[in-house]
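What follows is a short report on a single structure.
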Amino acid sequence: MNCDYSSLTPELIGRYSAQGAFYTSYPTGRQWTSDFDAGDFQRGLRNLLQRDPDAPLSLYLHIPFCQRRCRFCFCFTEITRDRERIDGFLQVLFQEIKLFRGLFDAWGVQPNIREIHLGGGSPSYLELDQLETVIEHLRLLVDIESLDEFTLEADAITVTAEKLLVCHELGINRLSFGIQDFDAKVQEAVGRVQSPELIAQLMTPKVRESFRSINFDLMYGLPFQTRESFSETIRQVADLSPDRAAIYSYCHMPHMYPHQATIREADLPGLDEKTFIFADAAESFTRSGYEFIGIDHFAKPTDDLAIARADGTLLRHFMGYTAGRTSHLLGLGPTSISGFGGCYAHNVYSLDEYRQAISEERVPILRGYEMTEDDHIRWAVISRFLAYMSVDLAVVDGAFDITSSSYFAPELDALQPFVDDGLLEWMPGGFRATELGRLFARHVCAVFDPHAVVEGRGRKDKFVPAIQRSQS
Ligand code: SF4
């Protein structure tokens with residue numbers, strides 16, 4: 001279905017301009033604490049695997065190295081050309097893999113890992129022999145050949161079509177390219193120069209045929225971006241025809257990411273322009289035959305995400321959206337996030353702390369959280385809304401033995417202004433977003449989040465986003 005945002009106005013944008021979370025989890029990272037430690041992590045994982053030994057798992061590995069520093073980046077990464085330094089890190093990562101093998105053996109379980117995601121940083125920056133060794137070590141945990149999905153995040157300047165084809169021979173079957181924007185002035189301003197021609201050279205017929213899905217990550221709100229310039233980027237992206245694309249919002253937080261200070265605030269598009277940039281891009285993608293998935297993803301009808309949405313298996317999680325084969329995620333490497341069996345955990349940031357924890361045979365947990373029953377109920381509403389843009393409260397009632405009309409009475413009352421603004425519609429037993437309301441879906445979620453930073457309610461300070469994805 002084509003989107004039409006002609007009724008989007010600066011007045012409406014202004015009314016909903018409050019800061020909000022992206023809800024890749026509930027509660028969001030700001031509620032996680034260091035009270036949750038490695039012992040809680042191990043206990044939670046063991047309980048899950050002993051309760052449900054076949055629970056399908058995803059594995060995320062964070063490779064924190066890049067060839068270049070993009071000024072917009074908010075990932076934990078280090079710029080290095082020192083191969084020995086990367087090799088040294090990989091040795092620690094292999095120890096972490098062995099640590100998990102030891103835990104699984106001690107618990108008498110063989111984890112049912114269905115998907116692996118190599119993120120970072122730029123895992124594609126690894127040399128082929130390094131990648132091969134990573135995959136060999138992963139065989140300690142999983143039969144690579146039987147995986148449903150094995151994704152590599154790729155920075156285009158670190159790969160060739162030949163290298164990608166060798167990655168495919170090693171078992172990788174999905175690629176995700178960090179594209180962000182093709183406009184030369186924007187690329188110059190963010191320190192990430194790569195032409196559409198370079199990407200086209202990588203996406204040879206053989207590469208397209210080998211990988212079951214190719215994703216492009218884009219970013220809006222970057223310096224010098226305009227509605228016209230980003231529309232041209234989307235046109236170029238549509239010509240390159242990835243199976244899937246995600247458009248993430250640039251958040252300017254130089255106090256947290258000092259390298260962002262080289263981006264001048266005055267060069268960033270204002271709130272109205274930024275919102276229209278996204279709305280134009282969404283219209284353009286849907287006109288080109290992509291389906292709008294959730295709040296920021298676009299997928300061809302043949303892509304797993306579009307199929308999962310049609311089948312009702314689409315899930316929201318730390319990677320954005322997933323086709324739903326696995327709802328439990330195990331993160332390895334510094335800053336990785338895990339989410340399984342009602343537990344969330346965030347690994348340590350510094351490489352020294354990471355090394356120290358692994359040398360002590362300790363899972364390197366910085367902080368985490370164990371969900372309460374109320375959290376599960378709220379996450380059921382929030383995650384369902386972000387995946388399907390509608391919530392049938394009878395499903396929530398059935399799953400948790402509650403009566404939503406009374407459990408969520410204040411929240412349902414608070415949705416009426418969204419209805420009055422044409423962003424939501426009541427439907428029998430629930431509510432759904434209008435096409436315009438999709439742009440404000442996170443605001444709807446905040447109504448169900450008692451910790452949310454909303455004008456007049458809760459804390460207004462900025463929070464540390466728990467970010468799993470890189471933009472490699
Ligand atoms: S955006 Fe990607 S390639 Fe650029 S510095 Fe960040 S992780 Fe590295």
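Chain identifiers are assigned as A, B, and so on, following the order in which chains appear in the structure tokens; residues are numbered from 1 within each chain, and ligands are numbered from 1 in order of appearance.
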Contact check, region 279-385 of chain A to region 98-110 of chain A, at most 12 Å, counting only C-alpha atoms, closest pairs as CSV:
residue,atom,partner,partner_atom,distance
A:Leu330,CA,A:Phe100,CA,10.3
A:Gly331,CA,A:Phe100,CA,11.1
A:Leu332,CA,A:Phe100,CA,9.5
A:Ala357,CA,A:Leu99,CA,10.9
A:Ile358,CA,A:Leu99,CA,8.0
A:Ser359,CA,A:Leu99,CA,9.9
A:Glu360,CA,A:Leu99,CA,10.2
A:Glu361,CA,A:Leu99,CA,6.5
A:Arg362,CA,A:Leu99,CA,8.0
A:Val363,CA,A:Leu99,CA,7.9
A:Pro364,CA,A:Leu99,CA,10.8
Kindly export the residues of the current selection with N, CA and C atoms, as an mmCIF file, in the first residue's frame.
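That gives us result-v3.cif:
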data_model
loop_
_atom_site.group_PDB
_atom_site.id
_atom_site.type_symbol
_atom_site.label_atom_id
_atom_site.label_comp_id
_atom_site.auth_asym_id
_atom_site.auth_seq_id
_atom_site.Cartn_x
_atom_site.Cartn_y
_atom_site.Cartn_z
ATOM 1 N N LEU A 330 21.401 -13.773 22.181
ATOM 2 C CA LEU A 330 22.574 -13.876 23.045
ATOM 3 C C LEU A 330 23.676 -13.014 22.419
ATOM 4 N N GLY A 331 24.181 -12.022 23.166
ATOM 5 C CA GLY A 331 25.182 -11.118 22.616
ATOM 6 C C GLY A 331 26.570 -11.433 23.144
ATOM 7 N N LEU A 332 27.532 -11.562 22.230
ATOM 8 C CA LEU A 332 28.920 -11.801 22.626
ATOM 9 C C LEU A 332 29.760 -10.607 22.168
ATOM 10 N N ALA A 357 37.199 -9.624 32.259
ATOM 11 C CA ALA A 357 36.087 -10.523 32.615
ATOM 12 C C ALA A 357 36.298 -11.902 32.004
ATOM 13 N N ILE A 358 36.681 -11.923 30.727
ATOM 14 C CA ILE A 358 36.828 -13.229 30.057
ATOM 15 C C ILE A 358 37.998 -13.997 30.658
ATOM 16 N N SER A 359 39.081 -13.273 31.019
ATOM 17 C CA SER A 359 40.230 -13.986 31.607
ATOM 18 C C SER A 359 39.849 -14.600 32.954
ATOM 19 N N GLU A 360 38.846 -14.019 33.616
ATOM 20 C CA GLU A 360 38.370 -14.593 34.894
ATOM 21 C C GLU A 360 37.225 -15.581 34.658
ATOM 22 N N GLU A 361 36.996 -15.920 33.389
ATOM 23 C CA GLU A 361 35.921 -16.852 33.004
ATOM 24 C C GLU A 361 34.572 -16.370 33.522
ATOM 25 N N ARG A 362 34.365 -15.064 33.360
ATOM 26 C CA ARG A 362 33.138 -14.419 33.823
ATOM 27 C C ARG A 362 32.422 -13.818 32.620
ATOM 28 N N VAL A 363 31.113 -14.044 32.490
ATOM 29 C CA VAL A 363 30.354 -13.409 31.410
ATOM 30 C C VAL A 363 30.432 -11.897 31.636
ATOM 31 N N PRO A 364 30.816 -11.101 30.611
ATOM 32 C CA PRO A 364 31.176 -9.693 30.845
ATOM 33 C C PRO A 364 29.976 -8.732 30.942
#
Write out, as a Markdown table, each residue of chain A that has an atom at most 10 Å from ligand 1, together with the closest pair of atoms and their distance in Å to one decimal, counting only C-alpha atoms and all ligand atoms, rows going by chain and rising number.
| residue | atom | partner | partner_atom_place_in_ligand_line | distance |
| --- | --- | --- | --- | --- |
| A:Ile63 | CA | ligand 1 | 7 (S) | 9.2 |
| A:Pro64 | CA | ligand 1 | 7 (S) | 7.6 |
| A:Phe65 | CA | ligand 1 | 8 (Fe) | 6.9 |
| A:Cys66 | CA | ligand 1 | 8 (Fe) | 4.7 |
| A:Gln67 | CA | ligand 1 | 3 (S) | 7.0 |
| A:Arg68 | CA | ligand 1 | 5 (S) | 5.8 |
| A:Arg69 | CA | ligand 1 | 5 (S) | 4.0 |
| A:Cys70 | CA | ligand 1 | 4 (Fe) | 4.1 |
| A:Arg71 | CA | ligand 1 | 5 (S) | 7.2 |
| A:Phe72 | CA | ligand 1 | 1 (S) | 6.9 |
| A:Cys73 | CA | ligand 1 | 6 (Fe) | 4.3 |
| A:Phe74 | CA | ligand 1 | 6 (Fe) | 6.5 |
| A:Cys75 | CA | ligand 1 | 6 (Fe) | 5.5 |
| A:Phe76 | CA | ligand 1 | 7 (S) | 7.3 |
| A:Thr77 | CA | ligand 1 | 7 (S) | 6.1 |
| A:Glu78 | CA | ligand 1 | 5 (S) | 7.8 |
| A:Ile79 | CA | ligand 1 | 5 (S) | 7.5 |
| A:Gly119 | CA | ligand 1 | 7 (S) | 8.4 |
| A:Gly120 | CA | ligand 1 | 7 (S) | 5.6 |
| A:Gly121 | CA | ligand 1 | 7 (S) | 3.7 |
| A:Ser122 | CA | ligand 1 | 8 (Fe) | 5.5 |
| A:Pro123 | CA | ligand 1 | 7 (S) | 9.0 |
| A:Ser124 | CA | ligand 1 | 3 (S) | 9.5 |
| A:Tyr125 | CA | ligand 1 | 3 (S) | 9.0 |
| A:Glu153 | CA | ligand 1 | 2 (Fe) | 8.7 |
| A:Ala154 | CA | ligand 1 | 3 (S) | 8.1 |
| A:Asp155 | CA | ligand 1 | 3 (S) | 5.7 |
| A:Ala156 | CA | ligand 1 | 3 (S) | 8.9 |
| A:Ile157 | CA | ligand 1 | 3 (S) | 9.1 |
| A:Thr158 | CA | ligand 1 | 3 (S) | 9.3 |
| A:Phe177 | CA | ligand 1 | 2 (Fe) | 9.3 |
| A:Gly178 | CA | ligand 1 | 2 (Fe) | 6.7 |
| A:Ile179 | CA | ligand 1 | 1 (S) | 9.2 |
| A:Gln180 | CA | ligand 1 | 1 (S) | 8.8 |
| A:Val190 | CA | ligand 1 | 4 (Fe) | 9.3 |
| A:Gly191 | CA | ligand 1 | 4 (Fe) | 8.6 |
| A:Arg192 | CA | ligand 1 | 4 (Fe) | 7.2 |
| A:His259 | CA | ligand 1 | 5 (S) | 9.8 |
| A:Arg469 | CA | ligand 1 | 7 (S) | 8.8 |
| A:Ser470 | CA | ligand 1 | 7 (S) | 5.1 |
| A:Gln471 | CA | ligand 1 | 2 (Fe) | 4.2 |
| A:Ser472 | CA | ligand 1 | 2 (Fe) | 2.9 |
Query - Secondary structure check, strand (DSSP E) residues of region 199-444 of chain A, as a PyMOL selection string - result: chain A and resi 213-220+244-249+291-293+297-299+315-317+320-322+328-332+337-340+343-347+365-370+390-392+424-427+430-433
Query - Sel. of helix (DSSP H, G or I) residues, region 274-421 of chain A, as a PyMOL selection string - result: chain A and resi 274-287+304-311+351-359+373-388+393-400+404-407+409-414+416-420
Query - Residue neighbourhood Val447 (chain A), 12 Å, only C-alpha atoms, exclusion window fewer than 2 positions, as a PyMOL selection string - result: chain A and resi 20-21+378+381-382+385+408-418+440-445+449-455+457-458
**Report entry** Long-range neighbours of Gly333 (chain A) as a ChimeraX atom specification, 9 Å cut-off, only C-alpha atoms, 5 positions minimum in chain
**Finding:** /A:60-64,92-93,96,347-348,354,364
Output the selection as a JSON list (two decimals), in the first residue's frame - C-alpha atoms for each residue.
[["chain", "number", "residue", "atom", "x", "y", "z"],
["A", 60, "TYR", "CA", 25.09, -11.50, 17.98],
["A", 61, "LEU", "CA", 28.87, -10.97, 17.84],
["A", 62, "HIS", "CA", 30.28, -7.47, 18.17],
["A", 63, "ILE", "CA", 33.53, -6.84, 16.27],
["A", 64, "PRO", "CA", 34.61, -3.37, 17.47],
["A", 92, "VAL", "CA", 39.44, -13.02, 23.68],
["A", 93, "LEU", "CA", 36.24, -13.48, 21.66],
["A", 96, "GLU", "CA", 34.14, -16.10, 25.33],
["A", 347, "ASN", "CA", 28.02, -6.22, 28.10],
["A", 348, "VAL", "CA", 30.85, -3.98, 29.31],
["A", 354, "TYR", "CA", 36.01, -7.19, 28.51],
["A", 364, "PRO", "CA", 31.18, -9.69, 30.84]]
Would you list the contacts of Glu145 (chain A) as a CSV table (one decimal) with N, CA, C and O atoms, in the first residue's frame, taking every protein, DNA or RNA residue within 10 Å and counting only C-alpha atoms, but skipping same-chain residues closer than 5 positions in sequence?
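Saved result, part_13.csv, follows:
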chain,number,residue,atom,x,y,z
A,139,ARG,N,31.7,-22.9,15.4
A,139,ARG,CA,31.2,-24.3,15.2
A,139,ARG,C,31.2,-25.0,16.5
A,139,ARG,O,30.6,-26.1,16.7
A,150,PHE,N,22.5,-16.1,8.5
A,150,PHE,CA,23.8,-15.7,9.0
A,150,PHE,C,24.2,-14.4,8.3
A,150,PHE,O,24.4,-14.4,7.1
A,170,LEU,N,31.7,-19.4,3.1
A,170,LEU,CA,31.9,-19.7,4.6
A,170,LEU,C,30.6,-19.9,5.3
A,170,LEU,O,30.6,-20.3,6.5
A,171,GLY,N,29.5,-19.6,4.7
A,171,GLY,CA,28.2,-19.9,5.4
A,171,GLY,C,27.3,-18.6,5.6
A,171,GLY,O,26.2,-18.7,6.0
A,172,ILE,N,27.9,-17.4,5.3
A,172,ILE,CA,27.1,-16.2,5.4
A,172,ILE,C,26.1,-16.1,4.3
A,172,ILE,O,26.4,-16.3,3.1
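Within the 8 Å cut-off around Lys163 (chain A), using only C-alpha atoms and omitting residues fewer than 4 positions from it on the same chain, the listed residues are A:Leu128, A:Val159, A:Cys167.
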Query raised in the report: Neighbours of Arg367 (chain A) within 12 Å (only C-alpha atoms; same-chain residues fewer than 6 positions away dropped), as a ChimeraX atom specification?
Result: /A:29-41,335-338,343-349,466
Can you write out the residues you just picked, keeping N, CA, C and O atoms, as an mmCIF file, in the first residue's frame?
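part.cif, written as the output of this step:
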data_model
loop_
_atom_site.group_PDB
_atom_site.id
_atom_site.type_symbol
_atom_site.label_atom_id
_atom_site.label_comp_id
_atom_site.auth_asym_id
_atom_site.auth_seq_id
_atom_site.Cartn_x
_atom_site.Cartn_y
_atom_site.Cartn_z
ATOM 1 N N GLY A 29 16.713 0.561 28.035
ATOM 2 C CA GLY A 29 18.004 0.423 28.701
ATOM 3 C C GLY A 29 18.170 1.289 29.943
ATOM 4 O O GLY A 29 18.929 0.933 30.847
ATOM 5 N N ARG A 30 17.475 2.408 30.026
ATOM 6 C CA ARG A 30 17.709 3.285 31.176
ATOM 7 C C ARG A 30 17.202 2.682 32.485
ATOM 8 O O ARG A 30 17.570 3.126 33.557
ATOM 9 N N GLN A 31 16.382 1.659 32.393
ATOM 10 C CA GLN A 31 15.896 1.010 33.617
ATOM 11 C C GLN A 31 16.802 -0.153 34.049
ATOM 12 O O GLN A 31 16.623 -0.718 35.109
ATOM 13 N N TRP A 32 17.752 -0.531 33.196
ATOM 14 C CA TRP A 32 18.616 -1.655 33.542
ATOM 15 C C TRP A 32 19.669 -1.166 34.546
ATOM 16 O O TRP A 32 20.119 -0.021 34.459
ATOM 17 N N THR A 33 20.067 -2.049 35.435
ATOM 18 C CA THR A 33 21.011 -1.617 36.477
ATOM 19 C C THR A 33 22.116 -2.660 36.690
ATOM 20 O O THR A 33 21.996 -3.806 36.248
ATOM 21 N N SER A 34 23.149 -2.224 37.430
ATOM 22 C CA SER A 34 24.266 -3.142 37.716
ATOM 23 C C SER A 34 23.884 -4.142 38.815
ATOM 24 O O SER A 34 24.685 -5.006 39.162
ATOM 25 N N ASP A 35 22.684 -4.018 39.373
ATOM 26 C CA ASP A 35 22.215 -5.057 40.318
ATOM 27 C C ASP A 35 22.101 -6.400 39.604
ATOM 28 O O ASP A 35 22.182 -7.450 40.224
ATOM 29 N N PHE A 36 21.829 -6.322 38.307
ATOM 30 C CA PHE A 36 21.752 -7.557 37.508
ATOM 31 C C PHE A 36 23.178 -7.877 37.058
ATOM 32 O O PHE A 36 23.811 -7.109 36.337
ATOM 33 N N ASP A 37 23.718 -9.009 37.502
ATOM 34 C CA ASP A 37 25.120 -9.298 37.208
ATOM 35 C C ASP A 37 25.286 -10.623 36.445
ATOM 36 O O ASP A 37 24.293 -11.235 36.015
ATOM 37 N N ALA A 38 26.544 -11.040 36.330
ATOM 38 C CA ALA A 38 26.837 -12.259 35.551
ATOM 39 C C ALA A 38 26.099 -13.475 36.116
ATOM 40 O O ALA A 38 25.639 -14.344 35.366
ATOM 41 N N GLY A 39 25.961 -13.527 37.440
ATOM 42 C CA GLY A 39 25.249 -14.647 38.061
ATOM 43 C C GLY A 39 23.790 -14.672 37.632
ATOM 44 O O GLY A 39 23.237 -15.734 37.317
ATOM 45 N N ASP A 40 23.155 -13.487 37.602
ATOM 46 C CA ASP A 40 21.748 -13.411 37.167
ATOM 47 C C ASP A 40 21.626 -13.826 35.703
ATOM 48 O O ASP A 40 20.678 -14.497 35.305
ATOM 49 N N PHE A 41 22.604 -13.374 34.906
ATOM 50 C CA PHE A 41 22.607 -13.711 33.479
ATOM 51 C C PHE A 41 22.641 -15.230 33.306
ATOM 52 O O PHE A 41 21.834 -15.812 32.586
ATOM 53 N N THR A 335 29.922 -4.468 24.598
ATOM 54 C CA THR A 335 28.693 -3.669 24.382
ATOM 55 C C THR A 335 27.505 -4.463 23.823
ATOM 56 O O THR A 335 26.439 -3.898 23.623
ATOM 57 N N SER A 336 27.693 -5.748 23.569
ATOM 58 C CA SER A 336 26.577 -6.523 23.017
ATOM 59 C C SER A 336 25.423 -6.590 24.006
ATOM 60 O O SER A 336 25.622 -6.531 25.213
ATOM 61 N N ILE A 337 24.249 -6.752 23.442
ATOM 62 C CA ILE A 337 23.045 -6.840 24.266
ATOM 63 C C ILE A 337 22.449 -8.229 24.114
ATOM 64 O O ILE A 337 22.411 -8.781 23.009
ATOM 65 N N SER A 338 21.989 -8.771 25.236
ATOM 66 C CA SER A 338 21.275 -10.047 25.200
ATOM 67 C C SER A 338 19.850 -9.809 25.678
ATOM 68 O O SER A 338 19.601 -8.924 26.501
ATOM 69 N N CYS A 343 14.970 -11.772 30.553
ATOM 70 C CA CYS A 343 16.164 -11.058 31.053
ATOM 71 C C CYS A 343 16.750 -10.208 29.925
ATOM 72 O O CYS A 343 16.770 -10.627 28.773
ATOM 73 N N TYR A 344 17.254 -9.039 30.297
ATOM 74 C CA TYR A 344 18.043 -8.216 29.378
ATOM 75 C C TYR A 344 19.429 -8.039 29.986
ATOM 76 O O TYR A 344 19.548 -7.909 31.208
ATOM 77 N N ALA A 345 20.444 -7.994 29.139
ATOM 78 C CA ALA A 345 21.792 -7.763 29.674
ATOM 79 C C ALA A 345 22.629 -7.010 28.656
ATOM 80 O O ALA A 345 22.488 -7.201 27.444
ATOM 81 N N HIS A 346 23.473 -6.154 29.163
ATOM 82 C CA HIS A 346 24.341 -5.303 28.338
ATOM 83 C C HIS A 346 25.776 -5.590 28.744
ATOM 84 O O HIS A 346 26.100 -5.519 29.927
ATOM 85 N N ASN A 347 26.628 -5.922 27.776
ATOM 86 C CA ASN A 347 28.025 -6.223 28.101
ATOM 87 C C ASN A 347 28.824 -4.945 28.349
ATOM 88 O O ASN A 347 28.434 -3.854 27.912
ATOM 89 N N VAL A 348 29.982 -5.117 28.983
ATOM 90 C CA VAL A 348 30.851 -3.978 29.306
ATOM 91 C C VAL A 348 31.306 -3.259 28.037
ATOM 92 O O VAL A 348 31.336 -3.842 26.953
ATOM 93 N N TYR A 349 31.679 -1.980 28.207
ATOM 94 C CA TYR A 349 32.100 -1.170 27.060
ATOM 95 C C TYR A 349 33.582 -1.310 26.738
ATOM 96 O O TYR A 349 33.952 -1.455 25.586
ATOM 97 N N ALA A 466 20.308 2.123 24.427
ATOM 98 C CA ALA A 466 20.911 0.792 24.337
ATOM 99 C C ALA A 466 20.844 0.379 22.877
ATOM 100 O O ALA A 466 19.816 -0.018 22.384
#
Give one line per residue of region 160-257 of chain A that approaches region 299-312 of chain A to at most 7 Å, naming the two atoms of the closest pair and their distance in Å to one decimal, counting only C-alpha atoms; sort by chain then ascending residue number and deliver it as a Markdown table.
| residue | atom | partner | partner_atom | distance |
| --- | --- | --- | --- | --- |
| A:Ser213 | CA | A:Asp303 | CA | 7.0 |
| A:Asp243 | CA | A:Lys300 | CA | 5.5 |
| A:Arg244 | CA | A:Ala299 | CA | 4.3 |
| A:Ala245 | CA | A:Ala299 | CA | 6.4 |
